[in-house]
$ cat protein13.txt   # compact mmCIF, C-alpha atoms and all ligand atoms
# COMPACT_ATOMS: atom_id res chain seq x y z
CA LYS G 19 -16.91 -5.36 -6.74
CA LYS G 20 -15.13 -2.05 -6.67
CA GLU G 21 -16.31 0.71 -4.33
CA LEU G 22 -15.80 3.89 -6.31
CA GLN G 23 -15.01 7.44 -5.37
CA VAL G 24 -17.33 9.67 -7.40
CA ALA G 25 -16.82 13.45 -7.57
CA ILE G 26 -19.65 15.77 -8.62
CA ASP G 27 -18.72 19.41 -9.02
CA GLY G 28 -20.36 22.42 -10.57
CA PRO G 29 -21.73 25.91 -9.92
CA ALA G 30 -24.44 26.82 -7.40
CA SER G 31 -27.87 25.19 -7.81
CA ALA G 32 -26.90 23.04 -10.80
CA GLY G 33 -28.70 20.08 -9.19
CA LYS G 34 -25.62 18.37 -7.75
CA SER G 35 -27.05 17.34 -4.40
CA THR G 36 -30.38 16.15 -5.83
CA VAL G 37 -28.78 13.77 -8.29
CA ALA G 38 -25.91 12.82 -5.96
CA LYS G 39 -28.43 11.58 -3.38
CA ILE G 40 -30.31 9.49 -5.93
CA VAL G 41 -27.14 7.96 -7.33
CA ALA G 42 -25.78 7.24 -3.84
CA LYS G 43 -28.98 5.40 -3.02
CA ASN G 44 -28.80 3.34 -6.23
CA PHE G 45 -25.38 1.99 -5.29
CA ASN G 46 -25.73 2.08 -1.52
CA TYR G 47 -22.86 4.58 -1.36
CA ILE G 48 -22.53 7.35 1.17
CA TYR G 49 -23.37 10.86 0.01
CA VAL G 50 -21.21 13.70 1.26
CA ASP G 51 -22.41 17.28 0.81
CA THR G 52 -19.19 19.30 1.21
CA GLY G 53 -21.08 22.58 0.72
CA ALA G 54 -22.90 21.80 3.98
CA MET G 55 -19.53 21.76 5.74
CA TYR G 56 -18.62 25.25 4.45
CA ARG G 57 -22.13 26.41 5.30
CA SER G 58 -21.90 24.99 8.83
CA ILE G 59 -18.70 26.81 9.75
CA THR G 60 -20.10 30.00 8.18
CA TYR G 61 -23.26 29.66 10.26
CA LYS G 62 -21.30 29.09 13.44
CA ALA G 63 -18.98 32.05 12.76
CA ILE G 64 -22.03 34.31 12.24
CA GLN G 65 -23.60 32.98 15.47
CA ASN G 66 -20.39 33.82 17.31
CA ASN G 67 -20.22 37.33 15.82
CA ILE G 68 -16.87 36.65 14.22
CA ASN G 69 -15.75 38.87 11.36
CA LEU G 70 -15.97 36.60 8.31
CA ASN G 71 -12.57 37.71 7.04
CA ASP G 72 -10.86 36.81 10.31
CA GLU G 73 -9.21 33.61 9.15
CA ASN G 74 -7.42 32.77 12.41
CA LYS G 75 -10.52 33.16 14.55
CA ILE G 76 -12.65 31.07 12.20
CA VAL G 77 -10.09 28.31 11.85
CA GLU G 78 -9.74 28.20 15.64
CA LEU G 79 -13.51 27.85 15.85
CA LEU G 80 -13.49 25.13 13.18
CA HIS G 81 -10.94 23.08 15.11
CA LYS G 82 -13.38 22.97 18.02
CA THR G 83 -16.36 22.15 15.78
CA LYS G 84 -17.73 18.75 14.95
CA ILE G 85 -19.82 18.62 11.77
CA THR G 86 -21.79 15.41 11.24
CA PHE G 87 -24.38 14.09 8.84
CA THR G 88 -27.11 11.54 9.23
CA PRO G 89 -28.63 10.02 6.12
CA GLY G 90 -32.21 10.86 5.26
CA ASN G 91 -34.39 11.27 2.22
CA PRO G 92 -35.01 13.74 0.64
CA VAL G 93 -32.91 15.70 3.14
CA GLN G 94 -29.77 14.63 4.85
CA HIS G 95 -29.62 15.99 8.40
CA VAL G 96 -26.67 18.17 9.37
CA PHE G 97 -25.46 18.68 12.93
CA ILE G 98 -22.95 21.07 14.47
CA ASP G 99 -21.71 19.68 17.80
CA GLY G 100 -24.91 17.64 18.03
CA GLU G 101 -27.28 20.54 17.31
CA GLU G 102 -29.39 20.10 14.18
CA VAL G 103 -28.74 22.90 11.66
CA THR G 104 -30.15 21.31 8.49
CA ASP G 105 -32.42 24.28 7.66
CA LYS G 106 -30.40 27.00 9.37
CA ILE G 107 -27.40 26.54 7.08
CA ARG G 108 -29.64 27.13 4.03
CA SER G 109 -30.76 30.61 5.10
CA GLU G 110 -30.21 33.55 2.75
CA LYS G 111 -27.73 34.99 5.24
CA VAL G 112 -25.52 31.90 5.20
CA THR G 113 -25.92 31.43 1.42
CA ASN G 114 -24.77 34.96 0.73
CA ASN G 115 -21.75 34.79 3.04
CA VAL G 116 -20.47 31.25 2.60
CA SER G 117 -18.21 32.09 -0.36
CA THR G 118 -16.28 34.56 1.78
CA VAL G 119 -15.49 31.90 4.37
CA ALA G 120 -14.87 29.24 1.69
CA ALA G 121 -12.15 31.45 0.19
CA LEU G 122 -10.05 31.26 3.37
CA PRO G 123 -7.12 28.88 2.72
CA LEU G 124 -6.86 27.51 6.28
CA ILE G 125 -10.55 26.70 6.36
CA ARG G 126 -10.24 24.85 3.07
CA ARG G 127 -7.18 22.97 4.25
CA GLU G 128 -9.01 21.64 7.31
CA LEU G 129 -12.26 20.77 5.53
CA VAL G 130 -10.47 19.10 2.60
CA LYS G 131 -8.60 16.94 5.13
CA ARG G 132 -11.91 15.88 6.75
CA GLN G 133 -13.45 15.16 3.34
CA GLN G 134 -10.50 13.01 2.24
CA GLU G 135 -10.74 11.04 5.47
CA ILE G 136 -14.46 10.32 4.88
CA ALA G 137 -13.84 9.26 1.26
CA LYS G 138 -10.71 7.19 1.71
CA ASP G 139 -12.34 3.75 1.50
CA GLY G 140 -14.51 4.60 -1.53
CA GLY G 141 -18.19 3.84 -1.90
CA VAL G 142 -18.78 7.56 -1.83
CA ILE G 143 -20.45 10.26 -3.90
CA MET G 144 -19.09 13.65 -2.92
CA ASP G 145 -20.42 16.93 -4.25
CA GLY G 146 -18.84 20.36 -4.14
CA ARG G 147 -16.69 22.74 -6.15
CA ASP G 148 -13.17 21.29 -5.90
CA ILE G 149 -13.74 17.57 -5.39
CA GLY G 150 -12.36 16.48 -8.78
CA THR G 151 -9.52 18.99 -8.75
CA THR G 152 -8.35 18.98 -5.14
CA VAL G 153 -10.16 16.71 -2.68
CA LEU G 154 -10.17 13.51 -4.77
CA PRO G 155 -7.83 14.09 -7.72
CA ASN G 156 -7.78 10.32 -8.33
CA ALA G 157 -11.55 9.82 -8.16
CA ASP G 158 -12.81 6.94 -10.33
CA LEU G 159 -15.43 9.16 -11.92
CA LYS G 160 -15.62 12.94 -12.10
CA ILE G 161 -18.76 14.74 -13.19
CA PHE G 162 -19.09 18.47 -13.82
CA LEU G 163 -22.72 19.60 -13.80
CA ILE G 164 -23.74 22.87 -15.36
CA ALA G 165 -27.02 24.63 -16.19
CA SER G 166 -27.98 28.10 -17.34
CA VAL G 167 -28.29 30.83 -14.71
CA LYS G 168 -31.94 31.28 -15.65
CA GLU G 169 -32.71 27.60 -15.08
CA ARG G 170 -30.79 27.50 -11.80
CA ALA G 171 -32.54 30.62 -10.48
CA GLU G 172 -35.91 29.13 -11.40
CA ARG G 173 -35.11 25.89 -9.56
CA ARG G 174 -34.04 27.85 -6.47
CA TYR G 175 -37.20 29.97 -6.73
CA ILE G 176 -39.44 26.91 -6.65
CA GLU G 177 -37.48 25.42 -3.73
CA ASN G 178 -37.76 28.72 -1.83
CA GLN G 179 -41.51 28.93 -2.43
CA LYS G 180 -41.94 25.54 -0.78
CA LYS G 181 -39.95 26.76 2.23
CA GLY G 182 -41.83 30.05 2.40
CA ILE G 183 -38.76 32.14 1.53
CA ASN G 184 -39.65 35.17 -0.60
CA VAL G 185 -36.83 36.34 -2.83
CA THR G 186 -37.52 37.50 -6.39
CA LEU G 187 -36.26 35.62 -9.41
CA GLU G 188 -34.10 38.61 -10.35
CA GLU G 189 -32.45 38.66 -6.93
CA LEU G 190 -31.82 34.92 -7.10
CA LYS G 191 -30.16 35.30 -10.48
CA LYS G 192 -27.90 37.99 -9.09
CA GLU G 193 -27.06 35.92 -5.99
CA ILE G 194 -26.17 32.90 -8.10
CA GLU G 195 -23.96 34.98 -10.40
CA VAL G 196 -22.17 36.64 -7.49
CA ARG G 197 -21.54 33.31 -5.75
CA ASP G 198 -20.31 31.64 -8.96
CA TYR G 199 -17.99 34.57 -9.60
CA LYS G 200 -16.52 34.42 -6.09
CA ASP G 201 -16.21 30.62 -6.15
CA SER G 202 -14.46 30.57 -9.51
CA HIS G 203 -12.12 33.50 -8.85
CA ARG G 204 -10.72 32.69 -5.42
CA LYS G 205 -7.01 31.90 -5.15
CA VAL G 206 -7.23 28.48 -3.51
CA SER G 207 -8.91 25.64 -5.44
CA PRO G 208 -11.47 27.71 -7.34
CA LEU G 209 -14.50 26.14 -8.99
CA LYS G 210 -13.11 24.61 -12.16
CA LYS G 211 -13.83 21.57 -14.28
CA ALA G 212 -11.14 18.92 -13.77
CA LYS G 213 -9.42 17.97 -17.03
CA ASP G 214 -10.74 14.42 -16.82
CA ALA G 215 -14.27 15.35 -15.71
CA ILE G 216 -17.32 14.56 -17.82
CA GLU G 217 -19.47 17.65 -18.29
CA ILE G 218 -23.24 17.31 -18.24
CA ASP G 219 -25.46 20.29 -19.05
CA THR G 220 -28.64 19.70 -17.07
CA THR G 221 -30.52 22.72 -18.46
CA SER G 222 -33.07 20.72 -20.45
CA LEU G 223 -32.69 17.37 -18.68
CA SER G 224 -34.88 15.91 -15.96
CA ILE G 225 -33.45 14.82 -12.60
CA GLU G 226 -34.04 11.23 -13.66
CA GLN G 227 -32.18 11.64 -16.95
CA VAL G 228 -29.15 13.08 -15.17
CA SER G 229 -29.07 10.47 -12.41
CA ASP G 230 -29.52 7.64 -14.95
CA LYS G 231 -26.65 8.98 -17.00
CA ILE G 232 -24.33 9.14 -13.98
CA SER G 233 -25.46 5.72 -12.74
CA SER G 234 -24.62 4.14 -16.09
CA LEU G 235 -21.18 5.76 -16.04
CA ILE G 236 -20.60 4.26 -12.59
CA LYS G 237 -21.71 0.80 -13.70
CA LYS G 238 -19.13 0.85 -16.46
CA ARG G 239 -16.39 1.47 -13.94
CA ILE G 240 -17.31 -1.02 -11.23
O1 LIG P 1 -22.98 23.36 -2.62
P1 LIG P 1 -23.44 24.59 -1.86
O2 LIG P 1 -24.10 25.60 -2.75
O3 LIG P 1 -24.22 24.27 -0.65
O4 LIG P 1 -22.07 25.24 -1.36
C1 LIG P 1 -22.07 26.43 -0.62
C2 LIG P 1 -20.76 27.17 -0.83
O5 LIG P 1 -19.68 26.46 -0.21
C3 LIG P 1 -20.29 27.38 -2.27
O6 LIG P 1 -20.89 28.51 -2.87
C4 LIG P 1 -18.79 27.56 -2.10
O7 LIG P 1 -18.47 28.87 -1.70
C5 LIG P 1 -18.48 26.64 -0.93
N1 LIG P 1 -17.96 25.34 -1.34
C6 LIG P 1 -16.63 25.24 -1.69
N2 LIG P 1 -16.08 24.03 -1.95
C7 LIG P 1 -16.82 22.92 -1.94
C8 LIG P 1 -18.20 22.99 -1.62
C9 LIG P 1 -18.74 24.23 -1.35
O8 LIG P 1 -15.93 26.25 -1.71
N3 LIG P 1 -16.24 21.74 -2.18
$ encode --input "protein13.txt" --output "structure tokens"
Amino acid sequence: KKELQVAIDGPASAGKSTVAKIVAKNFNYIYVDTGAMYRSITYKAIQNNINLNDENKIVELLHKTKITFTPGNPVQHVFIDGEEVTDKIRSEKVTNNVSTVAALPLIRRELVKRQQEIAKDGGVIMDGRDIGTTVLPNADLKIFLIASVKERAERRYIENQKKGINVTLEELKKEIEVRDYKDSHRKVSPLKKAKDAIEIDTTSLSIEQVSDKISSLIKKRI
């Protein structure tokens, strides 16, 4: 039985992590949230009062930083040097600054290297922005998930309500648009559908429909 490398890319809040976790569980694969890695180094840079454009300082910090995951459902736990940061890396402050740090080439180089190391033996579902194009160009299956801005903002709004975060729907729409723009216009490995990726528009689909679709695509390739 073949242990596949599966890449799931797409814009912010398109439902990547939700379906990636379900699919990973179906096949007993590991799930790797690469966005959490960019969020973790952004969080740590903010904590250390480092200017977020100071590439050398941040990369120096990253070299001294261990980012680890422990599986869990529905949330995977994230740790920076052993300290749990699962919720902290989802704050509005980190969310609105992560694209700046993720645009720094040396940061990408280091995190891509770590991601490739984790994925090298297969049996992995990795979600992000550049997995199909840069991290795993030879992935066995590449999915590109999209959804309308309206739908994505509404999903974020509901998630925020549960967490007690109060940001208006209008603000969320703007945040999503700004982040998508930055992620798709940076110089190094911008958000882009890989040529051989299968695009799925999740706007009017349920989580189950999307995860079933991806699971059946995996079965065909095993
Ligand atoms: O997936 P998530 O929304 O948590 O990602 C947070 C941010 O990390 C993205 O907006 C993007 O700037 C960056 N990112 C990236 N490349 C990836 C994953 C995330 O640049 N593979």
$ closest_residue --input "protein13.txt" --among "G:Ser58, G:Thr86, G:Ser109, G:Thr52" --to "ligand LIG 1 (chain P)" --atoms "all atoms listed in the file"
G:Thr52
$ closest_residue --input "protein13.txt" --among "G:Ala25, G:Thr60, G:Leu187, G:Lys20" --to "Val37 (chain G)" --atoms "all atoms listed in the file"
G:Ala25
$ residues_around --input "protein13.txt" --residues "Val153 (chain G)" --least-positions-apart "2" --cutoff "10 Å" --atoms "all atoms listed in the file" --output "PyMOL selection string"
chain G and resi 25+126-127+129-135+137+144+146-151+155-157+207
$ residues_around --input "protein13.txt" --residues "Ala30 (chain G)" --least-positions-apart "3" --cutoff "9 Å" --atoms "all atoms listed in the file" --output "PyMOL selection string"
chain G and resi 33-34+147+164+170+194-195+197-198
$ write_last_selection --input "protein13.txt" --atoms "C-alpha atoms" --output "short mmCIF file (atom, residue, chain, number, x, y, z; two decimals), in the frame of the given file"
data_model
loop_
_atom_site.label_atom_id
_atom_site.label_comp_id
_atom_site.auth_asym_id
_atom_site.auth_seq_id
_atom_site.Cartn_x
_atom_site.Cartn_y
_atom_site.Cartn_z
CA GLY G 33 -28.70 20.08 -9.19
CA LYS G 34 -25.62 18.37 -7.75
CA ARG G 147 -16.69 22.74 -6.15
CA ILE G 164 -23.74 22.87 -15.36
CA ARG G 170 -30.79 27.50 -11.80
CA ILE G 194 -26.17 32.90 -8.10
CA GLU G 195 -23.96 34.98 -10.40
CA ARG G 197 -21.54 33.31 -5.75
CA ASP G 198 -20.31 31.64 -8.96
#
$ atom_distance --input "protein13.txt" --atom1 "CA of Ile107 (chain G)" --atom2 "CA of Asn71 (chain G)"
18.6 Å
$ atom_distance --input "protein13.txt" --atom1 "CA of Ser31 (chain G)" --atom2 "CA of Ile240 (chain G)"
28.5 Å
$ residues_near_point --input "protein13.txt" --point "(-24.7, 7.3, -1.2)" --cutoff "9 Å" --atoms "all atoms listed in the file" --output "number ranges by chain"
G: 38-50, 89, 141-144
$ closest_residue --input "protein13.txt" --among "G:His95, G:Lys192, G:Arg204, G:Lys75" --to "Asp51 (chain G)" --atoms "only C-alpha atoms"
G:His95
$ closest_residue --input "protein13.txt" --among "G:Lys168, G:Lys181, G:Lys191, G:His81" --to "Ile125 (chain G)" --atoms "all atoms listed in the file"
G:His81
$ atom_distance --input "protein13.txt" --atom1 "CA of Glu102 (chain G)" --atom2 "CA of Gln179 (chain G)"
22.4 Å
$ axis_aligned_box --input "protein13.txt" --around "ligand LIG 1 (chain P)" --padding-each-side "3 Å" --output "JSON"
{"center_x": -20.1, "center_y": 25.3, "center_z": -1.5, "size_x": 14.3, "size_y": 13.1, "size_z": 8.7}
$ residues_around --input "protein13.txt" --residues "Thr118 (chain G)" --least-positions-apart "2" --cutoff "10 Å" --atoms "all atoms listed in the file" --output "JSON, numbers by chain"
{"G": [56, 60, 70, 71, 114, 115, 116, 120, 121, 122, 197, 200, 201, 204]}
$ residues_around --input "protein13.txt" --residues "Leu223 (chain G)" --least-positions-apart "4" --cutoff "12 Å" --atoms "all atoms listed in the file" --output "list in words"
Ala32, Gly33, Val37, Leu163, Ile164, Ala165, Ser166, Glu169, Ile218, Asp219, Gln227, Val228, Ser229, Asp230 and Lys231 of chain G
